[in-house]
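Content type mmCIF, N, CA and C atoms, from the file query_36.cif:
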data_model
#
loop_
_atom_site.label_atom_id
_atom_site.label_comp_id
_atom_site.auth_asym_id
_atom_site.auth_seq_id
_atom_site.Cartn_x
_atom_site.Cartn_y
_atom_site.Cartn_z
N MET Z 1 0.84 -1.18 0.00
CA MET Z 1 0.00 0.00 0.00
C MET Z 1 0.89 1.25 0.00
N ASN Z 2 0.63 2.16 -0.93
CA ASN Z 2 1.43 3.38 -0.95
C ASN Z 2 0.75 4.47 -0.10
N ARG Z 3 1.39 5.61 0.01
CA ARG Z 3 0.88 6.69 0.87
C ARG Z 3 -0.50 7.18 0.42
N THR Z 4 -0.68 7.27 -0.88
CA THR Z 4 -1.97 7.73 -1.41
C THR Z 4 -3.10 6.78 -1.01
N GLN Z 5 -2.86 5.49 -1.16
CA GLN Z 5 -3.88 4.50 -0.78
C GLN Z 5 -4.16 4.54 0.71
N ILE Z 6 -3.13 4.73 1.51
CA ILE Z 6 -3.31 4.81 2.96
C ILE Z 6 -4.14 6.03 3.32
N LEU Z 7 -3.80 7.17 2.71
CA LEU Z 7 -4.55 8.39 2.99
C LEU Z 7 -6.01 8.25 2.55
N CYS Z 8 -6.24 7.63 1.40
CA CYS Z 8 -7.61 7.40 0.93
C CYS Z 8 -8.37 6.50 1.89
N ALA Z 9 -7.73 5.44 2.37
CA ALA Z 9 -8.38 4.52 3.30
C ALA Z 9 -8.71 5.23 4.62
N LEU Z 10 -7.79 6.06 5.11
CA LEU Z 10 -8.05 6.81 6.34
C LEU Z 10 -9.18 7.83 6.15
N SER Z 11 -9.20 8.47 4.99
CA SER Z 11 -10.27 9.42 4.70
C SER Z 11 -11.62 8.72 4.67
N ASP Z 12 -11.67 7.55 4.01
CA ASP Z 12 -12.91 6.77 3.96
C ASP Z 12 -13.38 6.38 5.36
N ALA Z 13 -12.44 5.90 6.17
CA ALA Z 13 -12.78 5.48 7.54
C ALA Z 13 -13.27 6.65 8.37
N LEU Z 14 -12.63 7.80 8.20
CA LEU Z 14 -13.03 9.00 8.93
C LEU Z 14 -14.45 9.43 8.55
N MET Z 15 -14.74 9.43 7.25
CA MET Z 15 -16.08 9.81 6.79
C MET Z 15 -17.15 8.85 7.35
N GLU Z 16 -16.88 7.56 7.27
CA GLU Z 16 -17.85 6.57 7.75
C GLU Z 16 -18.03 6.66 9.26
N SER Z 17 -16.95 6.85 9.99
CA SER Z 17 -17.03 6.96 11.44
C SER Z 17 -17.80 8.20 11.86
N PHE Z 18 -17.51 9.33 11.23
CA PHE Z 18 -18.20 10.57 11.56
C PHE Z 18 -19.69 10.44 11.27
N SER Z 19 -20.02 9.84 10.12
CA SER Z 19 -21.42 9.66 9.75
C SER Z 19 -22.14 8.76 10.76
N ALA Z 20 -21.51 7.65 11.13
CA ALA Z 20 -22.13 6.74 12.10
C ALA Z 20 -22.34 7.41 13.45
N GLN Z 21 -21.35 8.17 13.91
CA GLN Z 21 -21.49 8.87 15.18
C GLN Z 21 -22.60 9.92 15.13
N THR Z 22 -22.66 10.63 14.02
CA THR Z 22 -23.69 11.66 13.86
C THR Z 22 -25.08 11.04 13.86
N LEU Z 23 -25.25 9.96 13.09
CA LEU Z 23 -26.56 9.30 13.05
C LEU Z 23 -26.94 8.73 14.41
N SER Z 24 -25.96 8.18 15.11
CA SER Z 24 -26.23 7.62 16.44
C SER Z 24 -26.71 8.71 17.40
N ARG Z 25 -26.05 9.85 17.36
CA ARG Z 25 -26.44 10.94 18.26
C ARG Z 25 -27.79 11.53 17.87
N LEU Z 26 -28.04 11.64 16.58
CA LEU Z 26 -29.34 12.16 16.15
C LEU Z 26 -30.48 11.20 16.50
N ALA Z 27 -30.20 9.90 16.42
CA ALA Z 27 -31.23 8.90 16.74
C ALA Z 27 -31.64 8.96 18.20
N GLN Z 28 -30.79 9.50 19.05
CA GLN Z 28 -31.12 9.62 20.47
C GLN Z 28 -32.08 10.78 20.74
N ARG Z 29 -32.23 11.67 19.78
CA ARG Z 29 -33.14 12.81 19.94
C ARG Z 29 -34.51 12.42 19.42
N LYS Z 30 -35.54 12.68 20.20
CA LYS Z 30 -36.89 12.26 19.84
C LYS Z 30 -37.33 12.81 18.48
N ARG Z 31 -37.01 14.06 18.22
CA ARG Z 31 -37.44 14.68 16.96
C ARG Z 31 -36.83 14.00 15.75
N PHE Z 32 -35.59 13.56 15.86
CA PHE Z 32 -34.92 12.95 14.72
C PHE Z 32 -35.13 11.45 14.64
N ALA Z 33 -35.44 10.82 15.74
CA ALA Z 33 -35.58 9.36 15.76
C ALA Z 33 -36.61 8.87 14.75
N LEU Z 34 -37.67 9.62 14.55
CA LEU Z 34 -38.70 9.23 13.60
C LEU Z 34 -38.34 9.57 12.16
N LEU Z 35 -37.52 10.58 11.97
CA LEU Z 35 -37.16 11.02 10.63
C LEU Z 35 -36.01 10.23 10.02
N LEU Z 36 -35.13 9.69 10.84
CA LEU Z 36 -33.93 9.04 10.32
C LEU Z 36 -34.15 7.75 9.54
N PRO Z 37 -34.98 6.82 10.00
CA PRO Z 37 -35.08 5.56 9.27
C PRO Z 37 -35.36 5.69 7.76
N PRO Z 38 -36.28 6.54 7.32
CA PRO Z 38 -36.48 6.65 5.88
C PRO Z 38 -35.32 7.33 5.15
N LEU Z 39 -34.49 8.07 5.86
CA LEU Z 39 -33.40 8.81 5.23
C LEU Z 39 -32.05 8.10 5.30
N GLU Z 40 -31.95 7.03 6.05
CA GLU Z 40 -30.65 6.38 6.25
C GLU Z 40 -30.00 5.91 4.96
N SER Z 41 -30.76 5.32 4.05
CA SER Z 41 -30.16 4.85 2.80
C SER Z 41 -29.66 6.02 1.96
N PHE Z 42 -30.41 7.12 1.96
CA PHE Z 42 -29.98 8.33 1.25
C PHE Z 42 -28.67 8.87 1.85
N LEU Z 43 -28.61 8.94 3.16
CA LEU Z 43 -27.41 9.45 3.82
C LEU Z 43 -26.21 8.54 3.59
N GLU Z 44 -26.43 7.24 3.58
CA GLU Z 44 -25.34 6.29 3.33
C GLU Z 44 -24.78 6.48 1.92
N VAL Z 45 -25.65 6.63 0.94
CA VAL Z 45 -25.21 6.86 -0.44
C VAL Z 45 -24.45 8.18 -0.53
N ASN Z 46 -24.94 9.19 0.16
CA ASN Z 46 -24.29 10.50 0.12
C ASN Z 46 -22.89 10.45 0.74
N VAL Z 47 -22.73 9.74 1.84
CA VAL Z 47 -21.42 9.60 2.47
C VAL Z 47 -20.47 8.88 1.52
N HIS Z 48 -20.97 7.84 0.86
CA HIS Z 48 -20.13 7.09 -0.09
C HIS Z 48 -19.71 8.00 -1.26
N LYS Z 49 -20.64 8.80 -1.74
CA LYS Z 49 -20.35 9.73 -2.84
C LYS Z 49 -19.29 10.74 -2.42
N GLU Z 50 -19.42 11.28 -1.22
CA GLU Z 50 -18.44 12.24 -0.72
C GLU Z 50 -17.07 11.59 -0.53
N ALA Z 51 -17.06 10.34 -0.09
CA ALA Z 51 -15.79 9.62 0.06
C ALA Z 51 -15.11 9.43 -1.30
N LEU Z 52 -15.90 9.15 -2.34
CA LEU Z 52 -15.34 9.02 -3.68
C LEU Z 52 -14.76 10.35 -4.17
N LYS Z 53 -15.44 11.44 -3.86
CA LYS Z 53 -14.91 12.76 -4.25
C LYS Z 53 -13.61 13.05 -3.49
N ASN Z 54 -13.57 12.73 -2.21
CA ASN Z 54 -12.33 12.91 -1.44
C ASN Z 54 -11.20 12.09 -2.04
N ARG Z 55 -11.51 10.85 -2.39
CA ARG Z 55 -10.51 9.96 -2.99
C ARG Z 55 -9.98 10.54 -4.29
N ALA Z 56 -10.87 11.08 -5.12
CA ALA Z 56 -10.45 11.67 -6.39
C ALA Z 56 -9.53 12.86 -6.17
N VAL Z 57 -9.84 13.69 -5.18
CA VAL Z 57 -9.00 14.85 -4.88
C VAL Z 57 -7.63 14.40 -4.36
N ILE Z 58 -7.62 13.42 -3.46
CA ILE Z 58 -6.36 12.92 -2.92
C ILE Z 58 -5.50 12.32 -4.02
N GLU Z 59 -6.12 11.52 -4.89
CA GLU Z 59 -5.37 10.90 -5.99
C GLU Z 59 -4.84 11.94 -6.96
N ALA Z 60 -5.63 12.97 -7.24
CA ALA Z 60 -5.17 14.04 -8.14
C ALA Z 60 -4.01 14.81 -7.51
N ALA Z 61 -4.10 15.07 -6.22
CA ALA Z 61 -3.04 15.81 -5.53
C ALA Z 61 -1.75 15.01 -5.47
N ALA Z 62 -1.85 13.70 -5.49
CA ALA Z 62 -0.66 12.85 -5.40
C ALA Z 62 0.07 12.76 -6.74
N ARG Z 63 -0.60 13.10 -7.84
CA ARG Z 63 0.05 13.07 -9.15
C ARG Z 63 1.00 14.26 -9.29
N PRO Z 64 2.04 14.10 -10.12
CA PRO Z 64 2.91 15.25 -10.39
C PRO Z 64 2.11 16.39 -11.01
N ALA Z 65 2.54 17.62 -10.76
CA ALA Z 65 1.79 18.81 -11.19
C ALA Z 65 1.42 18.77 -12.67
N GLY Z 66 2.28 18.33 -13.53
CA GLY Z 66 2.00 18.29 -14.96
C GLY Z 66 1.01 17.21 -15.35
N MET Z 67 0.76 16.28 -14.48
CA MET Z 67 -0.13 15.15 -14.77
C MET Z 67 -1.54 15.34 -14.20
N ARG Z 68 -1.75 16.44 -13.48
CA ARG Z 68 -3.06 16.68 -12.87
C ARG Z 68 -4.04 17.13 -13.94
N SER Z 69 -5.19 16.55 -13.90
CA SER Z 69 -6.23 16.88 -14.87
C SER Z 69 -7.21 17.87 -14.26
N PRO Z 70 -7.63 18.88 -15.03
CA PRO Z 70 -8.60 19.84 -14.50
C PRO Z 70 -10.04 19.33 -14.56
N THR Z 71 -10.23 18.08 -14.97
CA THR Z 71 -11.58 17.55 -15.11
C THR Z 71 -12.23 17.34 -13.76
N SER Z 72 -13.53 17.23 -13.77
CA SER Z 72 -14.29 17.09 -12.53
C SER Z 72 -14.10 15.71 -11.92
N TRP Z 73 -14.51 15.57 -10.66
CA TRP Z 73 -14.38 14.29 -9.97
C TRP Z 73 -15.19 13.21 -10.64
N ALA Z 74 -16.25 13.56 -11.34
CA ALA Z 74 -17.13 12.56 -11.96
C ALA Z 74 -16.43 11.81 -13.08
N SER Z 75 -15.37 12.39 -13.65
CA SER Z 75 -14.67 11.70 -14.72
C SER Z 75 -13.63 10.73 -14.18
N ASN Z 76 -13.42 10.76 -12.86
CA ASN Z 76 -12.45 9.86 -12.24
C ASN Z 76 -12.93 8.43 -12.38
N SER Z 77 -12.01 7.52 -12.59
CA SER Z 77 -12.38 6.11 -12.81
C SER Z 77 -13.03 5.48 -11.58
N THR Z 78 -12.78 6.04 -10.38
CA THR Z 78 -13.39 5.46 -9.18
C THR Z 78 -14.79 5.99 -8.93
N ALA Z 79 -15.17 7.04 -9.65
CA ALA Z 79 -16.51 7.62 -9.43
C ALA Z 79 -17.57 6.72 -10.05
N ARG Z 80 -18.71 6.70 -9.45
CA ARG Z 80 -19.84 5.91 -9.94
C ARG Z 80 -21.08 6.79 -9.99
N CYS Z 81 -21.99 6.42 -10.84
CA CYS Z 81 -23.27 7.12 -10.91
C CYS Z 81 -24.19 6.44 -9.90
N PHE Z 82 -24.86 7.24 -9.09
CA PHE Z 82 -25.71 6.70 -8.05
C PHE Z 82 -27.18 6.89 -8.37
N VAL Z 83 -27.96 5.90 -8.01
CA VAL Z 83 -29.41 6.01 -8.09
C VAL Z 83 -29.87 6.30 -6.68
N TRP Z 84 -30.58 7.39 -6.53
CA TRP Z 84 -31.03 7.82 -5.21
C TRP Z 84 -32.33 7.12 -4.87
N THR Z 85 -32.28 6.27 -3.86
CA THR Z 85 -33.47 5.53 -3.45
C THR Z 85 -33.74 5.80 -1.98
N PHE Z 86 -34.96 5.68 -1.62
CA PHE Z 86 -35.35 5.84 -0.23
C PHE Z 86 -36.01 4.55 0.24
N ASP Z 87 -35.61 4.08 1.40
CA ASP Z 87 -36.21 2.90 1.98
C ASP Z 87 -37.42 3.36 2.78
N THR Z 88 -38.59 3.15 2.23
CA THR Z 88 -39.81 3.58 2.90
C THR Z 88 -40.44 2.47 3.72
N SER Z 89 -39.79 1.30 3.77
CA SER Z 89 -40.37 0.18 4.52
C SER Z 89 -40.48 0.50 6.02
N ALA Z 90 -39.57 1.32 6.53
CA ALA Z 90 -39.59 1.64 7.96
C ALA Z 90 -40.56 2.77 8.27
N ALA Z 91 -40.95 3.50 7.27
CA ALA Z 91 -41.84 4.64 7.50
C ALA Z 91 -43.30 4.21 7.35
N LYS Z 92 -44.11 4.67 8.23
CA LYS Z 92 -45.55 4.40 8.16
C LYS Z 92 -46.20 5.62 7.50
N LEU Z 93 -46.41 5.51 6.21
CA LEU Z 93 -46.97 6.67 5.47
C LEU Z 93 -48.47 6.64 5.47
#

Would you put the structure from the file into structure tokens?
Amino acid sequence: MNRTQILCALSDALMESFSAQTLSRLAQRKRFALLLPPLESFLEVNVHKEALKNRAVIEAAARPAGMRSPTSWASNSTARCFVWTFDTSAAKL
């Protein structure tokens, strides 16, 4: 594993840990406890998307200055197109 891969792995772990801690603390609040279940899948996808963007920035920064591409993160080979879905099974509509 090189430094770039290590930094990407640490960034991913940090994002996931922060998200889990935030959701856990919000779930303890009565107002949010009812709102979170239908939004959890959306938030999970969003955290994953942000982690991919972080990875793209880290990988671009690790390249030599002449090799950096000005293209957006979406053109990065690690980026994926996401379908935004909501799990409504937990919500009583």

d(CA of Leu7 in chain Z, atom C of Met67 in chain Z) in Å:
18.8 Å

Which residues are near range 10-21 of chain Z? Cut-off 6.5 Å, all atoms listed in the file, ignore same chain within fewer than 5 positions. Put them as a list in words.
Gln5, Leu26 and Ala51 of chain Z

Could you save the residues just selected, with N, CA and C atoms, as a CSV table (one decimal), keeping the file's coordinate frame?
chain,number,residue,atom,x,y,z
Z,5,GLN,N,-2.9,5.5,-1.2
Z,5,GLN,CA,-3.9,4.5,-0.8
Z,5,GLN,C,-4.2,4.5,0.7
Z,26,LEU,N,-28.0,11.6,16.6
Z,26,LEU,CA,-29.3,12.2,16.2
Z,26,LEU,C,-30.5,11.2,16.5
Z,51,ALA,N,-17.1,10.3,-0.1
Z,51,ALA,CA,-15.8,9.6,0.1
Z,51,ALA,C,-15.1,9.4,-1.3

Give me, please, the distance in Å between atom N of Phe42 in chain Z and atom N of Ser24 in chain Z, quoted to one decimal.
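So the two atoms, atom N of Phe42 in chain Z and atom N of Ser24 in chain Z, lie 13.9 Å apart.
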
Would you mind reading off the distance between CA of Glu50 in chain Z and CA of Leu34 in chain Z, one decimal, in Å?
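Calculated distance between CA of Glu50 in chain Z and CA of Leu34 in chain Z is 25.0 Å.
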
Using all atoms listed in the file for the distances, tell me which of Z:Leu36, Z:Leu23, Z:Leu43, Z:Cys8 is nearest to Ile58 in chain Z.
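Going through Z:Leu36, Z:Leu23, Z:Leu43, Z:Cys8 one by one, the smallest distance to Ile58 in chain Z is for Z:Cys8.
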